$ cat input_16.cif   # mmCIF, C-alpha atoms
data_input
loop_
_atom_site.label_atom_id
_atom_site.label_comp_id
_atom_site.auth_asym_id
_atom_site.auth_seq_id
_atom_site.Cartn_x
_atom_site.Cartn_y
_atom_site.Cartn_z
CA GLU A 1 126.55 -164.64 -101.51
CA ASN A 2 127.08 -168.39 -101.34
CA ALA A 3 130.03 -168.58 -103.72
CA LEU A 4 132.25 -165.85 -102.24
CA PRO A 5 133.14 -167.54 -98.91
CA GLY A 6 134.63 -170.51 -100.76
CA ILE A 7 136.86 -168.46 -103.08
CA LYS A 8 140.41 -168.07 -101.75
CA CYS A 9 142.23 -166.74 -104.82
CA VAL A 10 140.39 -163.37 -105.11
CA SER A 11 141.74 -160.42 -103.17
CA ARG A 12 139.97 -157.56 -105.00
CA LEU A 13 136.32 -157.44 -106.03
CA ASP A 14 134.72 -154.71 -108.17
CA LEU A 15 130.89 -154.74 -108.21
CA SER A 16 130.38 -151.11 -109.19
CA GLU A 17 127.62 -149.99 -111.59
CA ASN A 18 125.65 -153.22 -111.41
CA ASN A 19 122.31 -151.62 -110.47
CA PHE A 20 122.17 -153.60 -107.24
CA ASP A 21 119.37 -152.56 -104.90
CA VAL A 22 118.28 -154.47 -101.81
CA GLU A 23 120.10 -157.59 -103.08
CA LEU A 24 123.36 -155.76 -102.35
CA ALA A 25 122.85 -156.64 -98.68
CA ALA A 26 123.13 -160.36 -99.46
CA VAL A 27 126.28 -159.73 -101.53
CA VAL A 28 127.92 -157.81 -98.66
CA ASN A 29 127.00 -160.60 -96.25
CA GLY A 30 128.83 -163.02 -98.52
CA VAL A 31 131.84 -160.71 -98.60
CA THR A 32 131.83 -160.64 -94.79
CA ARG A 33 132.39 -164.42 -94.74
CA CYS A 34 135.20 -164.17 -97.29
CA ARG A 35 138.49 -164.05 -95.34
CA ASN A 36 140.81 -163.25 -98.27
CA LEU A 37 139.24 -160.13 -99.76
CA LEU A 38 141.35 -156.97 -99.36
CA SER A 39 139.44 -154.53 -101.59
CA LEU A 40 135.71 -154.13 -102.29
CA ASN A 41 134.11 -151.66 -104.70
CA ILE A 42 130.31 -151.40 -104.57
CA SER A 43 130.06 -147.83 -105.81
CA LYS A 44 127.35 -146.46 -108.13
CA ASN A 45 124.71 -148.94 -107.02
CA LEU A 46 121.30 -148.60 -105.30
CA PRO A 47 119.72 -146.55 -108.11
CA LYS A 48 116.06 -147.32 -107.30
CA ILE A 49 116.19 -148.76 -103.82
CA LYS A 50 113.22 -148.06 -101.56
CA ALA A 51 113.66 -146.20 -98.30
CA ARG A 52 112.58 -149.16 -96.19
CA ASP A 53 115.21 -151.40 -97.82
CA VAL A 54 118.22 -149.13 -97.37
CA ILE A 55 118.57 -150.15 -93.72
CA HIS A 56 119.27 -153.76 -94.77
CA VAL A 57 122.16 -152.67 -96.98
CA THR A 58 123.70 -150.33 -94.41
CA ASP A 59 123.37 -152.95 -91.66
CA SER A 60 125.27 -155.46 -93.77
CA ILE A 61 128.03 -152.88 -94.41
CA VAL A 62 128.21 -152.13 -90.67
CA GLN A 63 128.55 -155.84 -89.94
CA LEU A 64 131.35 -156.05 -92.52
CA ILE A 65 133.24 -153.16 -90.91
CA GLN A 66 132.83 -154.43 -87.35
CA ASP A 67 133.66 -158.07 -88.07
CA GLU A 68 136.76 -158.92 -86.04
CA GLU A 69 137.98 -161.53 -88.53
CA THR A 70 137.68 -159.49 -91.72
CA VAL A 71 140.87 -158.48 -93.55
CA LEU A 72 139.26 -155.90 -95.84
CA GLN A 73 141.51 -152.86 -96.23
CA LYS A 74 139.78 -150.79 -98.94
CA LEU A 75 136.05 -150.05 -99.26
CA ASN A 76 134.45 -147.91 -101.98
CA LEU A 77 130.89 -146.67 -101.36
CA SER A 78 131.00 -143.64 -103.64
CA ASP A 79 127.98 -142.35 -105.59
CA CYS A 80 125.42 -144.53 -103.83
CA ARG A 81 123.40 -141.48 -102.70
CA LEU A 82 122.86 -142.86 -99.20
CA LYS A 83 122.55 -139.39 -97.61
CA THR A 84 121.63 -139.69 -93.91
CA ASP A 85 121.46 -143.49 -94.18
CA LEU A 86 125.26 -143.39 -94.31
CA ASN A 87 125.34 -142.30 -90.64
CA ASN A 88 125.21 -145.87 -89.33
CA VAL A 89 128.22 -146.80 -91.45
CA ILE A 90 130.13 -143.74 -90.23
CA ASN A 91 129.37 -144.58 -86.59
CA ALA A 92 130.80 -148.06 -87.13
CA LEU A 93 134.15 -146.56 -88.16
CA GLY A 94 134.90 -145.76 -84.53
CA SER A 95 135.53 -149.45 -83.79
CA ASN A 96 136.99 -150.28 -87.21
CA GLN A 97 140.20 -152.33 -87.00
CA CYS A 98 140.80 -153.21 -90.65
CA ILE A 99 139.75 -150.63 -93.28
CA GLN A 100 142.53 -148.22 -94.21
CA ILE A 101 141.12 -146.60 -97.37
CA LEU A 102 137.48 -145.46 -97.51
CA ASP A 103 135.67 -143.70 -100.36
CA ILE A 104 132.30 -142.23 -99.38
CA SER A 105 132.24 -139.39 -101.88
CA GLY A 106 129.03 -138.54 -103.72
CA ASN A 107 126.63 -139.62 -100.97
CA GLY A 108 125.32 -136.23 -99.81
CA MET A 109 125.67 -136.96 -96.11
CA GLY A 110 125.86 -133.23 -95.19
CA ASP A 111 127.21 -131.62 -92.02
CA VAL A 112 125.53 -134.17 -89.75
CA GLY A 113 127.51 -136.95 -91.38
CA ALA A 114 130.67 -134.83 -91.19
CA ARG A 115 130.17 -134.33 -87.46
CA LEU A 116 129.70 -138.08 -86.93
CA LEU A 117 132.80 -138.73 -89.02
CA ALA A 118 134.75 -136.28 -86.85
CA LYS A 119 133.74 -138.18 -83.71
CA ALA A 120 134.75 -141.49 -85.32
CA LEU A 121 138.14 -140.11 -86.37
CA GLN A 122 138.93 -139.14 -82.78
CA ILE A 123 139.07 -142.81 -81.75
CA ASN A 124 139.88 -144.54 -85.06
CA THR A 125 143.50 -145.67 -85.43
CA ARG A 126 143.37 -147.55 -88.76
CA LEU A 127 142.00 -145.22 -91.45
CA LYS A 128 144.76 -143.67 -93.55
CA THR A 129 142.89 -142.27 -96.58
CA ILE A 130 139.32 -141.04 -96.94
CA TYR A 131 137.53 -139.43 -99.90
CA LEU A 132 134.84 -136.93 -98.90
CA ASP A 133 134.02 -134.70 -101.85
CA ARG A 134 130.49 -134.26 -103.25
CA ASN A 135 128.79 -134.81 -99.89
CA ASN A 136 127.19 -131.36 -99.50
CA ILE A 137 129.49 -130.64 -96.55
CA THR A 138 129.79 -126.97 -95.68
CA LEU A 139 132.80 -125.19 -94.25
CA GLN A 140 131.55 -125.91 -90.73
CA GLY A 141 131.58 -129.64 -91.43
CA TYR A 142 135.18 -129.52 -92.62
CA HIS A 143 136.04 -127.45 -89.57
CA ASP A 144 134.71 -130.29 -87.35
CA ILE A 145 136.77 -132.84 -89.28
CA THR A 146 139.89 -130.69 -88.98
CA TYR A 147 139.37 -130.38 -85.24
CA ALA A 148 139.10 -134.17 -84.94
CA LEU A 149 142.33 -134.67 -86.88
CA GLN A 150 144.23 -132.92 -84.11
CA SER A 151 143.78 -136.07 -81.98
CA ASN A 152 144.09 -138.54 -84.89
CA PHE A 153 147.59 -139.76 -85.72
CA SER A 154 146.83 -142.33 -88.43
CA MET A 155 145.02 -140.36 -91.16
CA ARG A 156 147.47 -139.36 -93.88
CA HIS A 157 145.54 -138.34 -96.96
CA ILE A 158 142.25 -136.49 -97.57
CA PRO A 159 141.98 -135.16 -101.15
CA PHE A 160 140.97 -131.52 -101.42
CA PRO A 161 137.13 -131.37 -101.61
CA THR A 162 136.91 -129.15 -104.68
CA TYR A 163 133.19 -129.61 -105.34
CA ASP A 164 132.01 -129.03 -101.76
CA LEU A 165 134.22 -125.98 -101.19
CA LEU A 166 133.55 -124.31 -104.53
CA THR A 167 130.92 -121.96 -103.10
CA PRO A 168 132.73 -121.22 -99.79
CA MET A 169 135.89 -120.36 -101.72
CA LYS A 170 133.97 -117.58 -103.44
CA ALA A 171 132.28 -116.30 -100.28
CA SER A 172 135.10 -116.57 -97.70
CA PRO A 173 138.37 -117.70 -99.28
CA ASP A 174 140.44 -116.72 -96.24
CA ARG A 175 138.50 -119.01 -93.92
CA VAL A 176 138.71 -121.86 -96.41
CA ASP A 177 142.47 -121.35 -96.61
CA VAL A 178 142.85 -121.44 -92.81
CA ILE A 179 140.79 -124.62 -92.36
CA MET A 180 142.40 -126.48 -95.25
CA ARG A 181 145.86 -125.44 -94.12
CA ARG A 182 145.20 -126.83 -90.63
CA MET A 183 143.90 -130.06 -92.13
CA GLN A 184 146.99 -130.45 -94.32
CA ASP A 185 149.26 -129.69 -91.37
CA CYS A 186 147.68 -132.55 -89.40
CA LEU A 187 147.99 -134.91 -92.38
CA GLN A 188 151.60 -133.88 -92.94
CA ARG A 189 152.34 -134.46 -89.26
CA ASN A 190 150.98 -138.00 -89.54
CA SER A 191 152.97 -138.66 -92.72
CA ASN A 192 156.21 -137.64 -90.98
CA PRO A 193 155.80 -139.09 -87.48
CA ARG A 194 159.45 -138.80 -86.46
CA VAL A 195 158.88 -135.71 -84.32
CA TYR A 196 155.65 -136.98 -82.81
CA ALA A 197 156.43 -140.67 -82.33
CA SER A 198 157.80 -140.26 -78.80
CA ARG A 199 154.82 -138.43 -77.38
CA GLY A 200 152.68 -141.50 -76.82
CA LYS A 201 149.57 -139.86 -78.24
CA ASN A 202 148.10 -143.04 -79.67
CA PHE A 203 147.58 -144.70 -76.29
CA ARG A 204 144.65 -142.70 -74.99
CA LEU A 205 141.30 -143.03 -73.31
CA THR A 206 138.48 -143.73 -75.75
CA GLN A 207 134.74 -144.22 -75.91
CA GLY A 208 133.93 -141.81 -73.07
CA PHE A 209 134.64 -144.13 -70.16
CA LEU A 210 133.52 -141.70 -67.46
CA LEU A 211 130.16 -141.21 -69.17
CA SER A 212 129.58 -144.85 -70.12
CA SER A 213 126.48 -146.69 -69.03
CA THR A 214 128.62 -149.20 -67.11
CA GLN A 215 130.06 -146.41 -65.00
CA GLN A 216 126.58 -145.07 -64.30
CA VAL A 217 125.41 -148.51 -63.18
CA LEU A 218 128.45 -148.76 -60.90
CA ASP A 219 127.65 -145.36 -59.35
CA ARG A 220 124.04 -146.36 -58.70
CA TRP A 221 125.01 -149.62 -57.01
CA THR A 222 127.65 -147.86 -54.93
CA ALA A 223 125.11 -145.31 -53.68
CA GLN A 224 122.55 -148.03 -52.94
CA VAL A 225 125.01 -150.15 -50.96
CA GLN A 226 126.16 -147.08 -49.03
CA ASP A 227 122.57 -146.34 -48.03
CA THR A 228 121.96 -149.96 -47.02
CA LEU A 229 125.25 -150.01 -45.11
CA GLN A 230 124.34 -146.87 -43.19
CA THR A 231 120.98 -148.38 -42.24
CA ALA A 232 122.64 -151.62 -41.16
CA LYS A 233 125.09 -149.76 -38.93
CA THR A 234 122.19 -147.83 -37.37
CA GLU A 235 120.25 -151.02 -36.65
CA SER A 236 123.19 -152.91 -35.15
CA SER A 237 126.49 -151.72 -33.74
CA GLU A 238 127.98 -155.23 -33.59
CA PRO A 239 130.85 -155.99 -36.01
CA ASN A 240 129.63 -157.85 -39.07
CA GLU A 241 131.59 -159.62 -41.79
CA GLU A 242 129.13 -158.49 -44.46
CA VAL A 243 129.56 -154.86 -43.42
CA THR A 244 133.34 -155.14 -43.73
CA ARG A 245 133.03 -156.79 -47.12
CA ALA A 246 130.59 -154.10 -48.32
CA GLU A 247 132.99 -151.35 -47.27
CA GLY A 248 135.76 -153.08 -49.22
CA TYR A 249 133.61 -153.32 -52.37
CA ILE A 250 132.69 -149.64 -52.08
CA HIS A 251 136.39 -148.78 -51.91
CA ASP A 252 137.05 -150.96 -54.98
CA ALA A 253 134.21 -149.22 -56.82
CA ASP A 254 135.75 -145.83 -56.10
CA GLN A 255 139.10 -147.03 -57.44
CA CYS A 256 137.47 -148.42 -60.61
CA ARG A 257 136.67 -144.91 -61.77
CA LEU A 258 140.37 -144.31 -62.35
CA LEU A 259 141.40 -147.83 -63.29
CA VAL A 260 141.78 -147.23 -67.04
CA SER A 261 143.81 -144.05 -66.50
CA SER A 262 145.99 -145.88 -63.97
CA LEU A 263 146.62 -148.67 -66.45
CA GLN A 264 147.43 -146.05 -69.05
CA ASP A 265 149.85 -144.30 -66.70
CA SER A 266 151.57 -147.58 -65.86
CA VAL A 267 152.53 -147.86 -69.53
CA ALA A 268 153.30 -144.17 -70.06
CA LEU A 269 155.65 -143.98 -67.04
CA ARG A 270 158.02 -146.54 -68.47
CA ASP A 271 161.32 -144.92 -69.46
CA GLN A 272 161.50 -146.48 -72.92
CA CYS A 273 159.32 -148.94 -74.72
CA PRO A 274 161.04 -152.35 -75.09
CA VAL A 275 159.68 -152.49 -78.64
CA GLN A 276 161.51 -149.24 -79.42
CA ARG A 277 164.78 -150.66 -78.11
CA LYS A 278 164.28 -153.84 -80.11
CA LEU A 279 163.64 -151.81 -83.27
CA GLU A 280 166.84 -149.82 -82.69
CA ASP A 281 168.85 -153.03 -82.23
CA MET A 282 167.27 -154.47 -85.35
CA ALA A 283 168.08 -151.30 -87.31
CA GLY A 284 171.73 -151.52 -86.24
CA GLN A 285 171.98 -155.18 -87.20
CA LEU A 286 170.31 -154.54 -90.53
CA GLN A 287 172.66 -151.61 -91.21
CA THR A 288 175.71 -153.82 -90.56
CA PHE A 289 174.32 -156.67 -92.67
CA MET A 290 173.55 -154.36 -95.60
CA GLN A 291 177.02 -152.82 -95.51
CA GLU A 292 178.72 -156.22 -95.42
CA HIS A 293 176.53 -157.44 -98.26
CA ILE A 294 177.29 -154.43 -100.48
CA ASP A 295 181.00 -154.68 -99.71
CA SER A 296 181.00 -158.33 -100.73
CA VAL A 297 179.13 -157.46 -103.93
CA ALA A 298 181.67 -154.73 -104.75
CA ALA A 299 184.60 -157.11 -104.14
CA SER A 300 182.94 -159.75 -106.32
CA MET A 301 182.49 -157.23 -109.15
CA LEU A 302 186.12 -156.13 -108.96
CA LYS A 303 187.28 -159.74 -109.02
CA THR A 304 185.11 -160.49 -112.06
CA ALA A 305 186.48 -157.42 -113.86
CA ALA A 306 190.06 -158.44 -113.00
CA ASP A 307 189.42 -161.93 -114.34
CA LYS A 308 188.12 -160.51 -117.60
CA CYS A 309 190.95 -157.96 -118.00
CA PRO A 310 193.94 -159.41 -116.13
CA THR A 311 196.51 -157.19 -117.86
CA LEU A 312 194.85 -153.87 -117.06
CA LEU A 313 193.40 -154.83 -113.71
CA HIS A 314 196.10 -156.86 -112.00
CA PRO A 315 196.16 -156.25 -108.19
CA HIS A 316 199.00 -153.76 -108.30
CA ALA A 317 197.72 -151.78 -111.29
CA LYS A 318 196.81 -148.12 -110.85
CA THR A 319 193.42 -148.62 -112.49
CA TYR A 320 192.58 -151.47 -110.12
CA GLN A 321 193.48 -149.40 -107.07
CA GLU A 322 191.40 -146.46 -108.33
CA LEU A 323 188.42 -148.72 -108.96
CA LYS A 324 188.79 -150.22 -105.50
CA THR A 325 188.84 -146.76 -103.88
CA VAL A 326 185.80 -145.63 -105.84
CA ALA A 327 183.96 -148.86 -105.03
CA ASN A 328 184.62 -148.45 -101.32
CA LYS A 329 183.35 -144.86 -101.46
CA LYS A 330 180.25 -145.60 -103.54
CA SER A 331 179.23 -148.68 -101.56
CA LYS A 332 178.82 -146.89 -98.25
CA VAL A 333 175.23 -146.92 -96.95
CA PRO A 334 174.21 -143.60 -95.35
CA PRO A 335 174.58 -144.06 -91.58
CA ASP A 336 171.00 -143.07 -90.67
CA TYR A 337 169.23 -144.52 -93.71
CA VAL A 338 168.26 -147.91 -92.25
CA LYS A 339 167.60 -146.49 -88.79
CA ASN A 340 165.24 -143.83 -90.09
CA LEU A 341 163.53 -146.30 -92.39
CA VAL A 342 162.93 -148.83 -89.62
CA LEU A 343 161.98 -146.42 -86.86
CA ASP A 344 159.87 -144.01 -88.90
CA THR A 345 158.08 -146.35 -91.28
CA LEU A 346 158.05 -149.85 -89.85
CA GLY A 347 158.48 -148.60 -86.29
CA TYR A 348 155.50 -146.25 -86.58
CA GLU A 349 153.19 -149.08 -87.59
CA VAL A 350 154.60 -151.38 -84.91
CA ARG A 351 154.18 -148.75 -82.19
CA ASN A 352 150.64 -148.04 -83.31
CA LYS A 353 149.80 -151.74 -83.09
CA VAL A 354 151.40 -152.02 -79.65
CA ASN A 355 149.49 -148.96 -78.42
CA GLU A 356 146.29 -150.36 -79.86
CA MET A 357 146.79 -153.69 -78.08
CA ASN A 358 147.63 -151.86 -74.84
CA LEU A 359 144.37 -149.95 -75.09
CA ILE A 360 142.38 -153.12 -75.80
CA LEU A 361 143.95 -154.85 -72.79
CA ALA A 362 143.31 -151.85 -70.51
CA ASN A 363 139.66 -151.65 -71.56
CA HIS A 364 139.18 -155.41 -71.16
CA ILE A 365 140.73 -155.48 -67.70
CA SER A 366 138.72 -152.44 -66.60
CA ASP A 367 135.43 -153.80 -67.97
CA LYS A 368 135.96 -157.18 -66.30
CA VAL A 369 136.83 -155.62 -62.94
CA ILE A 370 133.87 -153.22 -63.06
CA ASP A 371 131.43 -156.01 -63.98
CA ASP A 372 132.65 -158.16 -61.09
CA VAL A 373 132.50 -155.22 -58.67
CA ILE A 374 128.90 -154.53 -59.73
CA ASP A 375 127.97 -158.19 -59.19
CA SER A 376 129.68 -158.19 -55.80
CA LEU A 377 127.89 -155.00 -54.75
CA ALA A 378 124.56 -156.53 -55.76
CA ARG A 379 125.24 -159.68 -53.72
CA VAL A 380 126.45 -157.87 -50.62
CA ASN A 381 123.49 -155.46 -50.82
CA LYS A 382 121.08 -158.41 -50.90
CA SER A 383 122.92 -160.02 -48.00
CA LEU A 384 122.79 -156.83 -45.92
CA ILE A 385 119.06 -156.46 -46.55
CA GLY A 386 118.57 -160.07 -45.45
CA ASP A 387 120.55 -159.51 -42.25
CA MET A 388 118.51 -156.40 -41.47
CA GLY A 389 115.27 -158.33 -42.00
CA SER A 390 116.35 -161.10 -39.64
CA PHE A 391 117.44 -158.54 -37.04
CA LYS A 392 114.09 -156.74 -37.20
CA LYS A 393 112.24 -160.06 -36.95
CA LYS A 394 114.30 -160.98 -33.89
CA ARG A 395 113.49 -157.68 -32.23
CA SER A 396 109.80 -157.97 -33.03
CA MET A 397 109.70 -161.38 -31.30
CA THR A 398 111.24 -159.93 -28.11
CA PRO A 399 108.70 -159.03 -25.35
CA ASP A 400 108.05 -155.33 -25.00
CA VAL A 401 109.28 -155.35 -21.40
CA LEU A 402 112.76 -156.38 -22.62
CA LYS A 403 112.96 -153.48 -25.10
CA GLY A 404 112.74 -150.77 -22.48
CA SER A 405 115.34 -149.27 -20.22
CA SER A 406 117.33 -151.08 -17.55
CA SER A 407 114.84 -150.02 -14.87
CA VAL A 408 112.13 -152.02 -16.57
CA ALA A 409 114.36 -155.09 -16.62
CA VAL A 410 114.41 -155.23 -12.77
CA ARG A 411 110.66 -155.26 -12.37
CA SER A 412 109.12 -158.24 -10.66
CA GLU A 413 107.63 -161.09 -12.61
CA SER A 414 104.12 -160.23 -11.43
CA GLU A 415 104.44 -156.65 -12.66
CA SER A 416 105.69 -157.95 -15.99
CA VAL A 417 102.74 -160.31 -16.33
CA SER A 418 100.36 -157.54 -15.34
CA LEU A 419 101.91 -155.16 -17.84
CA SER A 420 101.76 -157.86 -20.48
CA GLY A 421 98.07 -158.40 -19.73
CA GLU A 422 97.37 -154.72 -20.06
CA THR A 423 99.30 -154.62 -23.29
CA ALA A 424 97.33 -157.53 -24.68
CA SER A 425 94.02 -155.88 -23.72
CA GLN A 426 94.91 -152.66 -25.49
CA HIS A 427 95.27 -153.47 -29.16
CA SER A 428 96.11 -149.88 -30.07
CA ASN A 429 99.33 -149.79 -28.01
CA PRO A 430 102.12 -149.45 -30.60
CA SER A 431 105.44 -151.29 -30.70
CA PRO A 432 108.47 -149.32 -29.48
CA ILE A 433 110.12 -149.53 -32.93
CA SER A 434 106.98 -148.73 -34.94
CA THR A 435 106.01 -145.31 -36.19
CA PRO A 436 104.22 -143.28 -33.48
CA GLN A 437 100.51 -142.78 -34.08
CA VAL A 438 99.01 -139.32 -33.81
CA ALA A 439 95.51 -138.96 -32.38
CA LYS A 440 92.90 -137.67 -34.79
CA ARG A 441 91.56 -134.17 -34.29
CA LYS A 442 88.02 -134.25 -32.96
CA SER A 443 87.02 -130.58 -32.71
CA LEU A 444 85.27 -128.87 -35.58
CA HIS A 445 87.81 -126.06 -35.46
CA ASP A 446 90.67 -128.50 -35.92
CA ARG A 447 88.98 -130.11 -38.91
CA LYS A 448 88.30 -126.86 -40.70
CA LEU A 449 88.87 -127.16 -44.42
CA ARG A 450 91.12 -124.87 -46.45
CA PRO A 451 88.95 -122.20 -48.19
CA LYS A 452 88.67 -122.42 -51.96
CA SER A 453 90.85 -120.12 -53.97
CA VAL A 454 89.04 -117.25 -55.61
#
$ encode --input "input_16.cif" --output "structure tokens"
Amino acid sequence: ENALPGIKCVSRLDLSENNFDVELAAVVNGVTRCRNLLSLNISKNLPKIKARDVIHVTDSIVQLIQDEETVLQKLNLSDCRLKTDLNNVINALGSNQCIQILDISGNGMGDVGARLLAKALQINTRLKTIYLDRNNITLQGYHDITYALQSNFSMRHIPFPTYDLLTPMKASPDRVDVIMRRMQDCLQRNSNPRVYASRGKNFRLTQGFLLSSTQQVLDRWTAQVQDTLQTAKTESSEPNEEVTRAEGYIHDADQCRLLVSSLQDSVALRDQCPVQRKLEDMAGQLQTFMQEHIDSVAASMLKTAADKCPTLLHPHAKTYQELKTVANKKSKVPPDYVKNLVLDTLGYEVRNKVNEMNLILANHISDKVIDDVIDSLARVNKSLIGDMGSFKKKRSMTPDVLKGSSSVAVRSESESVSLSGETASQHSNPSPISTPQVAKRKSLHDRKLRPKSV
């Protein structure tokens, strides 16, 4: 744990079959602080770990996966028999930005783990290979994973789960064939992205924005400010700066619901990605450079051969001319070789990274705007409530004679004083803006109780 962070020359670490139990958590914590490790194998450990200690190991693995600075690309957790304790690790794969190869075979996670893995695969853009066999996953679990692969464009290899599908192959071979064929079709599509690269599928909405807790908080504050605003307008018809500001924040809150999709559309509506154009220019330049380099190599070889055999290969000799013709023909690079290599292999990874960064930026902008709108709604709501309180206090301090109709306002001063005296002598006279009081029923008939149910 303490030695690993200081080691910079180790890129692969194999700790399998060491009978680690709860102490494996400390080892993984040390690996998390190691910034040079690319591959970690901790398989076939945890033989006698207690149930209360498993959570410490899985939490350390989750921290390793979610660490933004880790460079780990391959993780092997096979044959650790984690069962349902593996669910926390699988949930962390949704936000994984580093691991490309994952081996979780032999853990017995079952269909519940398969369903969680399917949800993680719908938003994961880094995993390329995953080993799933010997997890007690039924055909339904693999059906869920296959369904998730339809929206995953990074997964390229899932070995056939021979052990898990041995029994289903005997019971319903046709269904197994259909599900596995669909899975392989999705994997083959991802391995040959030329046809699908232009569809922009990787830049998509993730993490259930419309159902997020932040969106629910925004909706609650919007409704509360609308209610307060309606009350404020009822109390006072005079124009108010706070009312105008509150209406503007409510409008901004309504627009925030579609902010992420709008940001997404602003990228999708562009005619052609500048990165794509740059890759095409780079492919053309590389094609020209390669051809010039091979031509120069061929000319150098012919010159060396002519220097060694000047009689046979003098410039006007038939053999020299034939060799020159053959060299020109053999040294031609296929016209689409470099372009396909750059656009389909390197270009696919570059576009995925660009789409990933676009999504991160869209989510960050949206989250920041929503948080500020929520804070602004809270402030303007508090301000509106304060204005309403001061208005009510001002009205309560106004004499009753000034709250009536215009006919009361023209009464003489003596009548006003007399009315004020009468008002002061009658403590039960309510205020014009208070809730009317209803006189209590005094007759026995009016106070008759409801008969008991039989």
$ closest_residue --input "input_16.cif" --among "A:Gly347, A:Gly141, A:Gly113, A:Pro5" --to "Pro168 in chain A" --atoms "all atoms listed in the file"
A:Gly141
$ residues_around --input "input_16.cif" --residues "Asp177 in chain A" --least-positions-apart "5" --cutoff "12 Å" --atoms "all atoms listed in the file" --output "VMD selection string"
chain A and resid 139 142 to 143 160 165 168 to 172 182 to 185
$ closest_residue --input "input_16.cif" --among "A:Ala253, A:Cys98, A:Val333, A:Ile370" --to "Lys353 in chain A" --atoms "only C-alpha atoms"
A:Cys98
$ residues_near_point --input "input_16.cif" --point "(138.9, -152.5, -68.5)" --cutoff "12 Å" --atoms "only C-alpha atoms" --output "PyMOL selection string"
chain A and resi 205-207+209+214-215+256-264+358-372
$ write_last_selection --input "input_16.cif" --atoms "C-alpha atoms" --output "PDB file, in the frame of the given file"
ATOM      1  CA  LEU A 205     141.300-143.030 -73.310  1.00  0.00           C
ATOM      2  CA  THR A 206     138.480-143.730 -75.750  1.00  0.00           C
ATOM      3  CA  GLN A 207     134.740-144.220 -75.910  1.00  0.00           C
ATOM      4  CA  PHE A 209     134.640-144.130 -70.160  1.00  0.00           C
ATOM      5  CA  THR A 214     128.620-149.200 -67.110  1.00  0.00           C
ATOM      6  CA  GLN A 215     130.060-146.410 -65.000  1.00  0.00           C
ATOM      7  CA  CYS A 256     137.470-148.420 -60.610  1.00  0.00           C
ATOM      8  CA  ARG A 257     136.670-144.910 -61.770  1.00  0.00           C
ATOM      9  CA  LEU A 258     140.370-144.310 -62.350  1.00  0.00           C
ATOM     10  CA  LEU A 259     141.400-147.830 -63.290  1.00  0.00           C
ATOM     11  CA  VAL A 260     141.780-147.230 -67.040  1.00  0.00           C
ATOM     12  CA  SER A 261     143.810-144.050 -66.500  1.00  0.00           C
ATOM     13  CA  SER A 262     145.990-145.880 -63.970  1.00  0.00           C
ATOM     14  CA  LEU A 263     146.620-148.670 -66.450  1.00  0.00           C
ATOM     15  CA  GLN A 264     147.430-146.050 -69.050  1.00  0.00           C
ATOM     16  CA  ASN A 358     147.630-151.860 -74.840  1.00  0.00           C
ATOM     17  CA  LEU A 359     144.370-149.950 -75.090  1.00  0.00           C
ATOM     18  CA  ILE A 360     142.380-153.120 -75.800  1.00  0.00           C
ATOM     19  CA  LEU A 361     143.950-154.850 -72.790  1.00  0.00           C
ATOM     20  CA  ALA A 362     143.310-151.850 -70.510  1.00  0.00           C
ATOM     21  CA  ASN A 363     139.660-151.650 -71.560  1.00  0.00           C
ATOM     22  CA  HIS A 364     139.180-155.410 -71.160  1.00  0.00           C
ATOM     23  CA  ILE A 365     140.730-155.480 -67.700  1.00  0.00           C
ATOM     24  CA  SER A 366     138.720-152.440 -66.600  1.00  0.00           C
ATOM     25  CA  ASP A 367     135.430-153.800 -67.970  1.00  0.00           C
ATOM     26  CA  LYS A 368     135.960-157.180 -66.300  1.00  0.00           C
ATOM     27  CA  VAL A 369     136.830-155.620 -62.940  1.00  0.00           C
ATOM     28  CA  ILE A 370     133.870-153.220 -63.060  1.00  0.00           C
ATOM     29  CA  ASP A 371     131.430-156.010 -63.980  1.00  0.00           C
ATOM     30  CA  ASP A 372     132.650-158.160 -61.090  1.00  0.00           C
TER      31      ASP A 372
END
$ closest_residue --input "input_16.cif" --among "A:Ile179, A:Asp174, A:Leu166, A:Asp265" --to "Ile145 in chain A" --atoms "all atoms listed in the file"
A:Ile179
